[in-house]
file entry-v6.txt (compact mmCIF, C-alpha atoms)
# COMPACT_ATOMS: atom_id res chain seq x y z
CA MET A 1 -1.60 13.20 -18.79
CA LEU A 2 -1.77 12.56 -22.53
CA ALA A 3 1.05 15.07 -23.01
CA VAL A 4 3.15 13.40 -20.30
CA ARG A 5 2.54 10.00 -21.85
CA GLY A 6 3.59 11.41 -25.21
CA GLY A 7 6.94 12.54 -23.79
CA ASP A 8 6.21 16.11 -22.66
CA LEU A 9 7.48 15.56 -19.12
CA ALA A 10 7.20 19.24 -18.20
CA ALA A 11 3.42 18.82 -18.35
CA LEU A 12 3.68 16.70 -15.20
CA ALA A 13 4.24 19.92 -13.24
CA THR A 14 0.67 20.96 -14.09
CA LEU A 15 -0.68 17.63 -12.86
CA PHE A 16 1.38 18.00 -9.69
CA GLU A 17 -0.08 21.44 -8.96
CA ARG A 18 -3.59 20.18 -9.61
CA HIS A 19 -3.48 16.98 -7.55
CA HIS A 20 -0.65 16.93 -5.01
CA ARG A 21 -2.61 18.56 -2.18
CA ALA A 22 -5.53 16.15 -2.56
CA LEU A 23 -3.12 13.24 -2.73
CA PHE A 24 -1.32 14.43 0.38
CA ASN A 25 -4.60 14.62 2.30
CA TYR A 26 -5.59 11.17 1.05
CA PHE A 27 -2.34 9.73 2.43
CA LEU A 28 -2.68 11.76 5.62
CA HIS A 29 -6.14 10.29 6.23
CA ILE A 30 -5.15 6.72 5.56
CA SER A 31 -1.64 6.68 7.01
CA GLY A 32 -1.91 9.31 9.74
CA SER A 33 1.58 10.65 9.14
CA ARG A 34 2.61 13.89 7.43
CA ASP A 35 6.08 12.53 6.69
CA HIS A 36 4.66 9.41 5.07
CA GLY A 37 2.14 11.57 3.20
CA GLU A 38 4.87 13.74 1.70
CA ASP A 39 7.03 10.72 0.81
CA LEU A 40 4.08 8.97 -0.81
CA VAL A 41 3.12 12.00 -2.91
CA GLN A 42 6.67 11.94 -4.24
CA ASP A 43 6.43 8.20 -4.88
CA VAL A 44 3.16 8.58 -6.80
CA PHE A 45 4.62 11.16 -9.20
CA PHE A 46 7.74 9.04 -9.62
CA ARG A 47 5.54 6.06 -10.56
CA ILE A 48 3.47 8.21 -12.92
CA LEU A 49 6.69 9.09 -14.74
CA LYS A 50 7.90 5.51 -14.73
CA TYR A 51 4.67 3.91 -15.89
CA ARG A 52 3.28 6.79 -17.98
CA ARG A 53 3.04 4.62 -21.10
CA SER A 54 0.64 2.23 -19.35
CA PHE A 55 -1.94 5.04 -18.96
CA ASP A 56 -4.98 4.27 -21.08
CA PRO A 57 -6.08 7.49 -22.85
CA ASP A 58 -9.65 6.20 -23.03
CA GLN A 59 -9.88 6.06 -19.24
CA PRO A 60 -10.06 9.00 -16.81
CA PHE A 61 -6.85 10.08 -15.11
CA ARG A 62 -7.87 10.32 -11.45
CA PRO A 63 -8.85 6.65 -10.89
CA TRP A 64 -5.55 5.61 -12.51
CA MET A 65 -3.63 8.01 -10.28
CA TYR A 66 -5.41 6.75 -7.16
CA ARG A 67 -4.73 3.13 -8.17
CA ILE A 68 -1.06 4.05 -8.20
CA ALA A 69 -1.51 5.87 -4.87
CA ARG A 70 -3.11 2.80 -3.26
CA SER A 71 -0.33 0.61 -4.57
CA ALA A 72 2.35 3.00 -3.25
CA HIS A 73 0.69 3.12 0.16
CA ALA A 74 0.29 -0.66 0.32
CA ASP A 75 3.98 -1.13 -0.48
CA LEU A 76 5.04 1.34 2.20
CA ALA A 77 2.58 -0.07 4.75
CA SER A 78 3.91 -3.57 4.24
CA LYS A 79 7.42 -2.31 4.84
CA ARG A 80 6.73 -0.07 7.82
CA ARG A 81 3.52 -1.47 9.30
CA LEU A 82 1.80 1.90 9.02
CA GLU A 83 -1.44 0.68 10.48
CA THR A 84 -0.02 0.66 14.00
CA ALA A 85 0.82 4.35 13.79
CA LEU A 86 -2.69 5.57 13.13
CA GLY A 87 -3.59 6.14 16.77
CA GLU A 88 -1.13 9.02 16.92
CA ARG A 89 -2.17 10.89 13.86
CA GLU A 90 -0.21 14.07 13.25
CA PHE A 91 -2.41 17.03 12.40
CA SER A 92 -1.32 20.56 12.16
CA VAL A 93 -3.17 22.70 14.70
CA THR A 94 -1.63 26.05 13.95
CA SER A 95 -4.32 26.97 11.46
CA ARG A 96 -7.08 26.26 13.92
CA VAL A 97 -5.96 28.02 17.07
CA ASP A 98 -8.60 30.70 16.70
CA GLU A 99 -11.48 28.32 16.19
CA GLY A 100 -13.93 27.64 18.97
CA LEU A 101 -12.90 25.05 21.54
CA ARG A 102 -16.05 23.02 21.02
CA GLN A 103 -15.56 22.78 17.29
CA GLN A 104 -11.93 21.88 17.87
CA GLN A 105 -12.99 19.04 20.18
CA GLU A 106 -15.56 17.90 17.64
CA ILE A 107 -12.97 17.76 14.88
CA SER A 108 -10.54 15.95 17.14
CA LEU A 109 -13.21 13.37 18.00
CA LEU A 110 -14.04 12.83 14.33
CA GLN A 111 -10.37 12.38 13.50
CA ARG A 112 -9.94 9.84 16.29
CA ALA A 113 -13.03 7.98 15.13
CA LEU A 114 -11.73 7.94 11.54
CA ALA A 115 -8.36 6.64 12.71
CA ARG A 116 -10.09 3.74 14.49
CA LEU A 117 -12.06 2.65 11.44
CA PRO A 118 -10.80 -0.55 9.80
CA ALA A 119 -8.44 0.33 6.95
CA GLU A 120 -10.72 -0.68 4.07
CA LYS A 121 -13.69 1.27 5.49
CA ARG A 122 -11.53 4.31 6.19
CA GLU A 123 -10.16 4.24 2.67
CA ILE A 124 -13.51 4.12 0.88
CA LEU A 125 -14.88 6.86 3.11
CA VAL A 126 -11.85 9.04 2.39
CA LEU A 127 -12.14 8.46 -1.34
CA SER A 128 -15.85 9.26 -1.35
CA ARG A 129 -16.09 12.06 1.21
CA PHE A 130 -12.73 13.82 1.17
CA GLN A 131 -11.30 13.17 -2.27
CA ASN A 132 -14.66 13.84 -3.93
CA LEU A 133 -14.21 11.00 -6.36
CA LYS A 134 -17.36 10.00 -8.19
CA HIS A 135 -18.73 6.61 -7.24
CA ASP A 136 -18.20 5.27 -10.76
CA GLU A 137 -14.54 6.37 -10.53
CA ILE A 138 -14.14 4.55 -7.22
CA ALA A 139 -15.88 1.51 -8.71
CA SER A 140 -13.44 1.44 -11.62
CA MET A 141 -10.52 1.75 -9.19
CA LEU A 142 -11.70 -1.07 -6.97
CA GLY A 143 -13.07 -3.25 -9.77
CA CYS A 144 -16.62 -3.48 -8.42
CA GLU A 145 -20.10 -2.19 -9.22
CA VAL A 146 -21.18 1.36 -8.39
CA GLY A 147 -23.93 -0.05 -6.16
CA ALA A 148 -21.35 -2.00 -4.17
CA VAL A 149 -19.33 1.19 -3.63
CA LYS A 150 -22.38 3.01 -2.28
CA VAL A 151 -23.17 0.16 0.09
CA ARG A 152 -19.56 0.11 1.31
CA VAL A 153 -19.65 3.86 1.92
CA TYR A 154 -22.89 3.45 3.89
CA ARG A 155 -21.34 0.68 6.00
CA ALA A 156 -18.23 2.79 6.60
CA VAL A 157 -20.31 5.77 7.77
CA ARG A 158 -22.39 3.51 10.01
CA ALA A 159 -19.23 2.03 11.55
CA LEU A 160 -17.81 5.53 11.98
CA GLY A 161 -21.00 6.55 13.75
CA GLN A 162 -20.68 3.67 16.20
CA ILE A 163 -17.05 4.49 16.99
CA TYR A 164 -17.91 8.17 17.30
CA MET A 165 -20.65 7.37 19.81
CA GLU A 166 -18.29 5.20 21.84
CA LEU A 167 -15.67 7.94 21.92
CA SER A 168 -18.31 10.54 22.84
CA GLY A 169 -19.36 8.29 25.73
CA GLU A 170 -15.75 7.97 26.89
CA ARG A 171 -15.32 11.73 26.79
CA ALA A 172 -18.58 12.35 28.68
CA SER A 173 -17.63 9.90 31.41
CA MET B 1 -38.12 -0.14 -2.45
CA ASN B 2 -36.97 -2.24 0.49
CA CYS B 3 -34.62 -1.23 3.31
CA GLU B 4 -31.54 -2.72 1.66
CA GLU B 5 -32.16 -0.80 -1.55
CA ALA B 6 -32.82 2.37 0.42
CA ARG B 7 -29.52 2.03 2.33
CA SER B 8 -27.62 1.75 -0.92
CA LEU B 9 -28.96 5.25 -1.72
CA PHE B 10 -28.12 6.83 1.65
CA VAL B 11 -24.86 8.28 0.35
CA ASP B 12 -26.67 9.92 -2.59
CA TYR B 13 -29.24 11.28 -0.14
CA TRP B 14 -26.53 12.75 2.11
CA SER B 15 -24.84 14.32 -0.91
CA ASP B 16 -28.12 15.69 -2.35
CA ALA B 17 -27.46 13.60 -5.45
CA LEU B 18 -30.82 11.78 -5.56
CA THR B 19 -32.93 12.72 -8.54
CA GLY B 20 -36.02 11.64 -10.46
CA GLY B 21 -37.86 8.42 -9.73
CA ALA B 22 -35.22 7.13 -7.34
CA SER B 23 -35.62 10.23 -5.20
CA GLU B 24 -39.41 9.81 -5.04
CA GLU B 25 -39.18 6.12 -4.20
CA PHE B 26 -36.58 6.85 -1.55
CA SER B 27 -38.74 9.54 0.05
CA LEU B 28 -41.73 7.23 0.07
CA HIS B 29 -39.68 4.53 1.78
CA LEU B 30 -38.38 6.93 4.44
CA GLU B 31 -41.92 8.09 5.17
CA ALA B 32 -43.01 4.51 5.69
CA CYS B 33 -39.92 3.14 7.49
CA GLN B 34 -39.10 4.78 10.78
CA GLN B 35 -35.85 2.83 11.22
CA CYS B 36 -34.39 3.91 7.85
CA ARG B 37 -35.58 7.47 8.39
CA SER B 38 -33.89 7.68 11.75
CA GLU B 39 -30.64 6.11 10.53
CA ALA B 40 -30.50 8.21 7.36
CA GLU B 41 -30.97 11.43 9.31
CA SER B 42 -28.53 10.67 12.13
CA LEU B 43 -25.81 9.51 9.73
CA LYS B 44 -26.46 12.51 7.48
CA GLY B 45 -25.44 14.71 10.40
CA LEU B 46 -22.22 12.76 10.76
CA TRP B 47 -21.59 12.86 6.99
CA THR B 48 -22.04 16.64 6.99
CA SER B 49 -19.87 17.15 10.05
CA LEU B 50 -16.96 15.41 8.29
CA SER B 51 -16.64 18.52 6.14
CA ALA B 52 -15.42 20.34 9.27
CA ILE B 53 -12.16 18.38 9.12
CA PRO B 54 -9.88 20.83 7.35
CA GLU B 55 -7.52 19.93 4.53
CA GLU B 56 -3.85 20.12 5.39
CA ASP B 57 -1.11 21.61 3.25
CA PRO B 58 1.98 19.53 2.61
CA GLY B 59 5.28 21.09 3.60
CA PRO B 60 7.19 23.24 1.10
CA ARG B 61 9.78 20.49 0.59
CA THR B 62 7.15 18.42 -1.26
CA ARG B 63 7.16 20.84 -4.17
CA THR B 64 10.96 21.21 -4.08
CA ARG B 65 11.45 17.44 -4.11
CA PHE B 66 9.00 17.03 -6.99
CA HIS B 67 10.82 19.58 -9.15
CA ASP B 68 14.17 17.95 -8.28
CA LEU B 69 12.72 14.61 -9.36
CA LEU B 70 11.35 16.03 -12.60
CA ARG B 71 14.60 17.80 -13.41
CA SER B 72 16.77 14.74 -12.85
CA TRP B 73 14.35 12.54 -14.81
CA ARG B 74 14.38 14.92 -17.77
CA GLN B 75 18.18 15.09 -17.68
CA ALA B 76 18.37 11.30 -17.72
CA GLU B 77 15.89 11.20 -20.62
CA SER B 78 17.91 13.69 -22.64
CA VAL B 79 21.06 11.59 -22.13
CA ARG B 80 19.26 8.49 -23.36
CA ARG B 81 17.46 10.30 -26.16
CA GLY B 82 20.27 9.56 -28.59
CA TRP B 83 19.68 5.82 -28.62
CA PHE B 84 17.05 4.55 -26.22
CA PRO B 85 13.93 5.53 -28.22
CA LEU B 86 15.20 3.13 -30.84
CA ALA B 87 14.32 0.28 -28.49
CA ALA B 88 10.61 0.99 -29.05
CA HIS B 89 10.97 1.01 -32.82
CA PRO B 90 10.07 -2.16 -34.78
CA ALA B 91 13.25 -1.79 -36.83
CA PHE B 92 15.32 -1.85 -33.65
CA GLN B 93 13.51 -4.96 -32.51
CA ALA B 94 14.20 -6.61 -35.87
CA VAL B 95 17.87 -5.67 -35.59
CA ALA B 96 17.93 -6.95 -32.02
CA ALA B 97 16.42 -10.26 -33.16
CA ALA B 98 19.01 -10.52 -35.96
CA LEU B 99 21.75 -9.74 -33.46
CA ILE B 100 20.50 -12.42 -31.10
CA LEU B 101 20.45 -14.90 -33.99
CA THR B 102 23.98 -13.93 -35.00
CA LEU B 103 25.21 -14.22 -31.45
CA GLY B 104 23.50 -17.61 -31.20
CA ILE B 105 25.25 -18.82 -34.35
CA GLY B 106 28.50 -17.45 -32.96
CA ALA B 107 27.93 -19.33 -29.72
CA GLY B 108 27.28 -22.54 -31.67
CA TYR B 109 30.44 -22.04 -33.69
CA LEU B 110 32.42 -21.50 -30.55
CA LEU B 111 30.97 -24.65 -29.03
CA ARG B 112 32.20 -26.65 -31.99
CA SER B 113 35.55 -24.94 -32.09
CA GLN B 114 35.91 -25.65 -28.39
CA GLU B 115 36.94 -29.16 -29.35
CA GLY B 116 39.41 -27.80 -31.85
CA ALA B 117 42.79 -26.28 -31.55
CA ARG B 118 41.89 -23.50 -29.16
CA GLY B 119 42.16 -24.09 -25.47
CA ALA B 120 39.03 -25.18 -23.64
CA SER B 121 39.19 -22.49 -21.00
CA SER B 122 39.45 -19.61 -23.46
CA GLY B 123 36.48 -20.98 -25.47
CA GLN B 124 34.33 -21.28 -22.37
CA SER B 125 35.13 -17.75 -21.38
CA GLU B 126 34.04 -16.38 -24.76
CA ILE B 127 30.86 -18.49 -24.66
CA ALA B 128 30.05 -17.10 -21.23
CA GLN B 129 30.58 -13.60 -22.56
CA LEU B 130 28.33 -14.25 -25.55
CA ARG B 131 25.66 -15.74 -23.34
CA ALA B 132 25.77 -12.66 -21.12
CA GLU B 133 25.40 -10.40 -24.15
CA VAL B 134 22.43 -12.41 -25.46
CA SER B 135 20.85 -12.29 -22.02
CA ASN B 136 21.34 -8.52 -21.80
CA MET B 137 19.81 -8.06 -25.24
CA ARG B 138 16.78 -10.17 -24.29
CA GLN B 139 16.42 -8.20 -21.09
CA LEU B 140 16.46 -4.92 -23.01
CA VAL B 141 13.88 -6.14 -25.53
CA ALA B 142 11.62 -7.55 -22.78
CA LEU B 143 11.76 -4.36 -20.68
CA SER B 144 11.17 -2.21 -23.74
CA LEU B 145 8.16 -4.22 -24.92
CA LEU B 146 6.61 -4.24 -21.43
CA GLN B 147 6.45 -0.44 -21.59
CA GLN B 148 4.54 -0.35 -24.89
CA GLN B 149 1.03 1.13 -25.24
CA ASN B 150 -0.26 -1.78 -27.27
CA ALA B 151 -1.40 -4.79 -25.20
CA SER B 152 -0.17 -7.31 -27.78
CA ASP B 153 3.32 -5.72 -27.61
CA ARG B 154 3.25 -6.02 -23.84
CA LEU B 155 2.24 -9.68 -24.20
CA ARG B 156 5.29 -10.16 -26.42
CA GLY B 157 7.33 -8.47 -23.69
CA VAL B 158 6.08 -11.03 -21.17
CA SER B 159 6.96 -13.80 -23.59
CA TYR B 160 10.51 -12.39 -23.90
CA ALA B 161 10.71 -12.25 -20.11
CA TYR B 162 10.46 -16.08 -20.11
CA ARG B 163 13.75 -16.22 -21.99
CA VAL B 164 15.65 -13.86 -19.71
CA GLU B 165 17.60 -15.33 -16.82
CA HIS B 166 14.82 -16.21 -14.42
CA ASP B 167 15.82 -14.22 -11.38
CA ASP B 168 16.89 -11.04 -13.18
CA PRO B 169 15.73 -8.37 -10.65
CA GLN B 170 14.84 -5.77 -13.30
CA VAL B 171 12.67 -8.20 -15.22
CA VAL B 172 11.04 -9.53 -12.02
CA ASP B 173 10.29 -5.94 -11.01
CA ALA B 174 8.82 -5.16 -14.46
CA LEU B 175 6.66 -8.31 -14.36
CA LEU B 176 5.37 -7.49 -10.87
CA THR B 177 4.55 -3.97 -12.03
CA THR B 178 2.68 -5.46 -14.97
CA VAL B 179 0.70 -7.75 -12.64
CA SER B 180 -0.17 -4.76 -10.44
CA LEU B 181 -0.89 -2.04 -12.93
CA ASP B 182 -1.43 -3.28 -16.46
CA SER B 183 -4.89 -2.34 -17.73
CA ASN B 184 -5.26 -5.57 -19.72
CA VAL B 185 -6.29 -8.75 -17.87
CA ASN B 186 -4.61 -11.05 -20.41
CA VAL B 187 -1.29 -9.27 -20.00
CA ARG B 188 -1.60 -9.51 -16.20
CA LEU B 189 -2.40 -13.24 -16.44
CA ALA B 190 0.60 -13.83 -18.72
CA ALA B 191 2.85 -11.93 -16.30
CA VAL B 192 1.69 -14.12 -13.38
CA ASP B 193 2.49 -17.17 -15.49
CA ALA B 194 5.94 -15.81 -16.38
CA LEU B 195 6.68 -15.29 -12.68
CA SER B 196 6.11 -19.02 -12.09
CA ASN B 197 9.63 -19.57 -13.46
CA VAL B 198 11.11 -17.23 -10.88
CA SER B 199 12.31 -18.49 -7.55
CA SER B 200 13.39 -15.22 -5.94
CA PRO B 201 11.68 -14.18 -2.67
CA ALA B 202 10.94 -10.78 -4.25
CA ALA B 203 8.63 -12.43 -6.79
CA ARG B 204 6.73 -14.34 -4.09
CA LEU B 205 6.38 -11.30 -1.87
CA GLY B 206 5.33 -9.15 -4.81
CA LEU B 207 2.59 -11.55 -5.87
CA GLU B 208 1.33 -11.87 -2.29
CA GLN B 209 1.09 -8.10 -1.99
CA THR B 210 -0.83 -7.66 -5.19
CA LEU B 211 -3.39 -10.40 -4.42
CA ASP B 212 -5.93 -8.29 -2.53
CA ARG B 213 -5.47 -5.29 -4.80
CA GLN B 214 -6.36 -7.14 -7.97
CA THR B 215 -9.53 -6.03 -9.69
CA SER B 216 -9.92 -9.19 -11.76
CA PRO B 217 -11.10 -12.47 -10.15
CA LEU B 218 -9.28 -14.36 -12.92
CA VAL B 219 -5.95 -12.82 -11.98
CA GLN B 220 -6.61 -13.42 -8.28
CA ILE B 221 -7.27 -17.10 -8.99
CA ALA B 222 -4.08 -17.32 -11.10
CA ILE B 223 -2.06 -15.78 -8.26
CA LEU B 224 -3.63 -18.19 -5.75
CA ASP B 225 -2.69 -21.12 -8.00
CA GLN B 226 0.87 -19.84 -8.17
CA LEU B 227 1.13 -19.44 -4.40
CA VAL B 228 -0.12 -23.02 -4.03
CA GLN B 229 2.42 -24.24 -6.58
CA TRP B 230 5.18 -22.58 -4.54
CA ARG B 231 3.68 -23.95 -1.30
CA ASP B 232 4.21 -20.44 -0.03
CA ARG B 233 3.33 -20.64 3.67
CA ALA B 234 4.22 -17.00 4.15
CA ALA B 235 1.17 -16.18 2.01
CA ARG B 236 -1.26 -17.65 4.54
CA ALA B 237 -2.14 -14.30 6.12
CA VAL B 238 -3.03 -12.63 2.85
CA VAL B 239 -5.01 -15.66 1.64
CA GLU B 240 -6.87 -15.82 4.97
CA SER B 241 -7.72 -12.16 4.63
CA LEU B 242 -9.15 -12.86 1.17
CA VAL B 243 -11.22 -15.75 2.54
CA SER B 244 -12.78 -13.47 5.13
CA ASP B 245 -13.34 -10.54 2.75
CA ARG B 246 -17.09 -10.48 2.22
CA ASP B 247 -16.75 -8.06 -0.66
CA ALA B 248 -14.50 -10.39 -2.63
CA ASP B 249 -15.83 -12.44 -5.53
CA PRO B 250 -17.49 -15.66 -4.16
CA GLU B 251 -15.51 -17.92 -6.50
CA VAL B 252 -12.28 -16.23 -5.51
CA ARG B 253 -13.11 -16.73 -1.83
CA GLN B 254 -13.89 -20.38 -2.49
CA HIS B 255 -10.61 -20.78 -4.37
CA ALA B 256 -8.78 -19.00 -1.56
CA GLN B 257 -10.22 -21.52 0.94
CA TRP B 258 -8.89 -24.35 -1.20
CA ALA B 259 -5.51 -22.60 -1.53
CA LEU B 260 -5.32 -22.14 2.24
CA ARG B 261 -5.78 -25.88 2.77
CA GLU B 262 -3.15 -26.68 0.16
CA ILE B 263 -0.40 -24.43 1.49
CA GLN B 264 -0.83 -25.46 5.13

call {"tool": "encode", "arguments": {"input": "entry-v6.txt", "output": "structure tokens"}}
result
Amino acid sequence: MLAVRGGDLAALATLFERHHRALFNYFLHISGSRDHGEDLVQDVFFRILKYRRSFDPDQPFRPWMYRIARSAHADLASKRRLETALGEREFSVTSRVDEGLRQQQEISLLQRALARLPAEKREILVLSRFQNLKHDEIASMLGCEVGAVKVRVYRAVRALGQIYMELSGERAS
Amino acid sequence: MNCEEARSLFVDYWSDALTGGASEEFSLHLEACQQCRSEAESLKGLWTSLSAIPEEDPGPRTRTRFHDLLRSWRQAESVRRGWFPLAAHPAFQAVAAALILTLGIGAGYLLRSQEGARGASSGQSEIAQLRAEVSNMRQLVALSLLQQQNASDRLRGVSYAYRVEHDDPQVVDALLTTVSLDSNVNVRLAAVDALSNVSSPAARLGLEQTLDRQTSPLVQIAILDQLVQWRDRAARAVVESLVSDRDADPEVRQHAQWALREIQ
């Protein structure tokens, strides 16, 4: 990112290759839409180009990138009311056709439970569990203490567990 | 270790990241507390099972679109390379200041000469043209300074933004970006203050949207004050959400309650 900030724009291609898949999955988890995910990845790299001089070289890159990602998602959500679309999350199933039916059902149930989590709980769980961000990186993104992040992740997992149990009960009955 | 402290370590336990004394204390607590032990184990299963959700690949157009974006951006940069980098140079800024001064003197001269032999309408037209040129120059300087790496330069950019025509969309957009993304709290605070001169709906909406994403309580309080000053009733939902956010700073929540009463 230092090279990009210094004017070597071609170096952004390396950052894209390194981070675009993780970013896409972040957006997919929190918005539920592949189309929105692809648009938002594009938006993030556009904003990185536009605001590259505001990157602080003394700070790590990923929290800065995810701050931009959150901002891009919030802007789109306010325009398109993304939250209402989460119930119909679009996942590709072609790569999983050969997997066992039970595991497929389990994954589907987890995805439905995740989609029903309140947005702020879903986001912190995605950042911690799927994006593999360190808790101090998440804390710097959200402007809170590391301990507060860990407590929020615990609460999110507990809430997910409750929703998961409810959905399991619905399926059993 | 009590139950609350133990729960704050659950995520480290699930990720096998507990080490040293904390790990020992945690284990001792789980041995003694059946409720925590049961919850930690059952949620650990859920935490582990989340890894079964596979990552998706974005479509091939994502990469194509990115390279199109990068190519067009680099082309635009190369076109501007001849003159735009000058805007970041102190010498350019000095020249710009001198130009503004000269244009100002010119405008004053024209004002005086307006009463002279020349026709009033032609004088007014030239004054309007000069004013537009001064405004464009201020806009360029403000936008250029807001992009600088140094926080004090960005503060100067905010101060220039005060002097630009208040509802200039590019400047409003740059100020809102500064409020959202600038790493320096003082620059963000100054940008909120500069937006107080703006009456466009875009500025109000932009400030509302950034309220719950702010990491600094000071900036949140400044935004709340601004929304109150505007009597922005459309902001009620976002302020209410801040009031009910248990993770928000207590003083910010208290201020948000006050703001809610004021804008109703």

call {"tool": "closest_atom_pairs", "arguments": {"input": "entry-v6.txt", "of": "chain B", "to": "chain A", "cutoff": "8 Å", "atoms": "all atoms listed in the file", "output": "Markdown table"}}
result
| residue | atom | partner | partner_atom | distance |
| --- | --- | --- | --- | --- |
| B:Arg7 | CA | A:Tyr154 | CA | 7.0 |
| B:Ser8 | CA | A:Val151 | CA | 4.8 |
| B:Leu9 | CA | A:Lys150 | CA | 7.0 |
| B:Phe10 | CA | A:Tyr154 | CA | 6.6 |
| B:Val11 | CA | A:Tyr154 | CA | 6.3 |
| B:Leu43 | CA | A:Arg158 | CA | 6.9 |
| B:Leu46 | CA | A:Gly161 | CA | 7.0 |
| B:Trp47 | CA | A:Val157 | CA | 7.2 |
| B:Leu50 | CA | A:Leu110 | CA | 7.2 |
| B:Ser51 | CA | A:Phe130 | CA | 7.9 |
| B:Ala52 | CA | A:Ile107 | CA | 6.6 |
| B:Ile53 | CA | A:Ile107 | CA | 5.8 |
| B:Glu55 | CA | A:Asn25 | CA | 6.5 |
| B:Glu56 | CA | A:Asn25 | CA | 6.4 |
| B:Asp57 | CA | A:Arg21 | CA | 6.4 |
| B:Pro58 | CA | A:Phe24 | CA | 6.5 |
| B:Gly59 | CA | A:Glu38 | CA | 7.6 |
| B:Thr62 | CA | A:Glu38 | CA | 6.0 |
| B:Arg65 | CA | A:Gln42 | CA | 7.3 |
| B:Phe66 | CA | A:Gln42 | CA | 6.2 |
| B:His67 | CA | A:Ala13 | CA | 7.8 |
| B:Leu69 | CA | A:Phe46 | CA | 7.5 |
| B:Leu70 | CA | A:Leu9 | CA | 7.6 |
| B:Arg74 | CA | A:Leu9 | CA | 7.1 |
| B:Gln147 | CA | A:Arg53 | CA | 6.1 |
| B:Gln148 | CA | A:Arg53 | CA | 6.4 |
| B:Gln149 | CA | A:Arg53 | CA | 5.8 |
| B:Ser180 | CA | A:Ser71 | CA | 8.0 |
| B:Leu181 | CA | A:Ile68 | CA | 7.7 |
| B:Asp182 | CA | A:Ser54 | CA | 6.6 |
| B:Ser183 | CA | A:Ser54 | CA | 7.4 |
| B:Gln209 | CA | A:Asp75 | CA | 7.7 |
| B:Arg213 | CA | A:Ser71 | CA | 7.8 |
| B:Gln214 | CA | A:Gly143 | CA | 8.0 |
| B:Thr215 | CA | A:Gly143 | CA | 4.5 |
| B:Ser216 | CA | A:Gly143 | CA | 7.0 |

call {"tool": "atom_distance", "arguments": {"input": "entry-v6.txt", "atom1": "CA of Pro63 in chain A", "atom2": "CA of Ser31 in chain A"}}
result
19.3 Å

call {"tool": "atom_distance", "arguments": {"input": "entry-v6.txt", "atom1": "CA of Ala194 in chain B", "atom2": "CA of Leu224 in chain B"}}
result
14.5 Å

call {"tool": "closest_residue", "arguments": {"input": "entry-v6.txt", "among": "A:Ile163, A:Pro118, A:Leu2, A:Arg102", "to": "Phe61 in chain A", "atoms": "all atoms listed in the file"}}
result
A:Leu2

call {"tool": "atom_distance", "arguments": {"input": "entry-v6.txt", "atom1": "CA of Asp12 in chain B", "atom2": "CA of His73 in chain A"}}
result
28.3 Å

call {"tool": "residues_around", "arguments": {"input": "entry-v6.txt", "residues": "Ser159 in chain B", "least_positions_apart": "2", "cutoff": "9 Å", "atoms": "all atoms listed in the file", "output": "PyMOL selection string"}}
result
chain B and resi 142+154-157+161-163+190-191+194

call {"tool": "build_atoms", "arguments": {"input": "entry-v6.txt", "residues": "range 189-199 of chain B", "atoms": "N, CA and C atoms", "output": "compact mmCIF listing (two decimals), in the frame of the given file"}}
result
# COMPACT_ATOMS: atom_id res chain seq x y z
N LEU B 189 -2.41 -11.77 -16.61
CA LEU B 189 -2.40 -13.24 -16.44
C LEU B 189 -1.08 -13.82 -16.97
N ALA B 190 -0.64 -13.32 -18.14
CA ALA B 190 0.60 -13.83 -18.72
C ALA B 190 1.78 -13.50 -17.81
N ALA B 191 1.74 -12.32 -17.20
CA ALA B 191 2.85 -11.93 -16.30
C ALA B 191 2.90 -12.83 -15.06
N VAL B 192 1.72 -13.19 -14.53
CA VAL B 192 1.69 -14.12 -13.38
C VAL B 192 2.31 -15.44 -13.79
N ASP B 193 1.95 -15.90 -14.99
CA ASP B 193 2.49 -17.17 -15.49
C ASP B 193 4.00 -17.09 -15.65
N ALA B 194 4.49 -15.95 -16.18
CA ALA B 194 5.94 -15.81 -16.38
C ALA B 194 6.67 -15.84 -15.04
N LEU B 195 6.03 -15.31 -14.00
CA LEU B 195 6.68 -15.29 -12.68
C LEU B 195 6.78 -16.68 -12.07
N SER B 196 6.04 -17.65 -12.64
CA SER B 196 6.11 -19.02 -12.09
C SER B 196 7.51 -19.61 -12.28
N ASN B 197 8.27 -19.07 -13.24
CA ASN B 197 9.63 -19.57 -13.46
C ASN B 197 10.64 -18.97 -12.49
N VAL B 198 10.19 -17.98 -11.73
CA VAL B 198 11.11 -17.23 -10.88
C VAL B 198 11.11 -17.82 -9.48
N SER B 199 12.28 -17.92 -8.90
CA SER B 199 12.31 -18.49 -7.55
C SER B 199 12.70 -17.46 -6.50
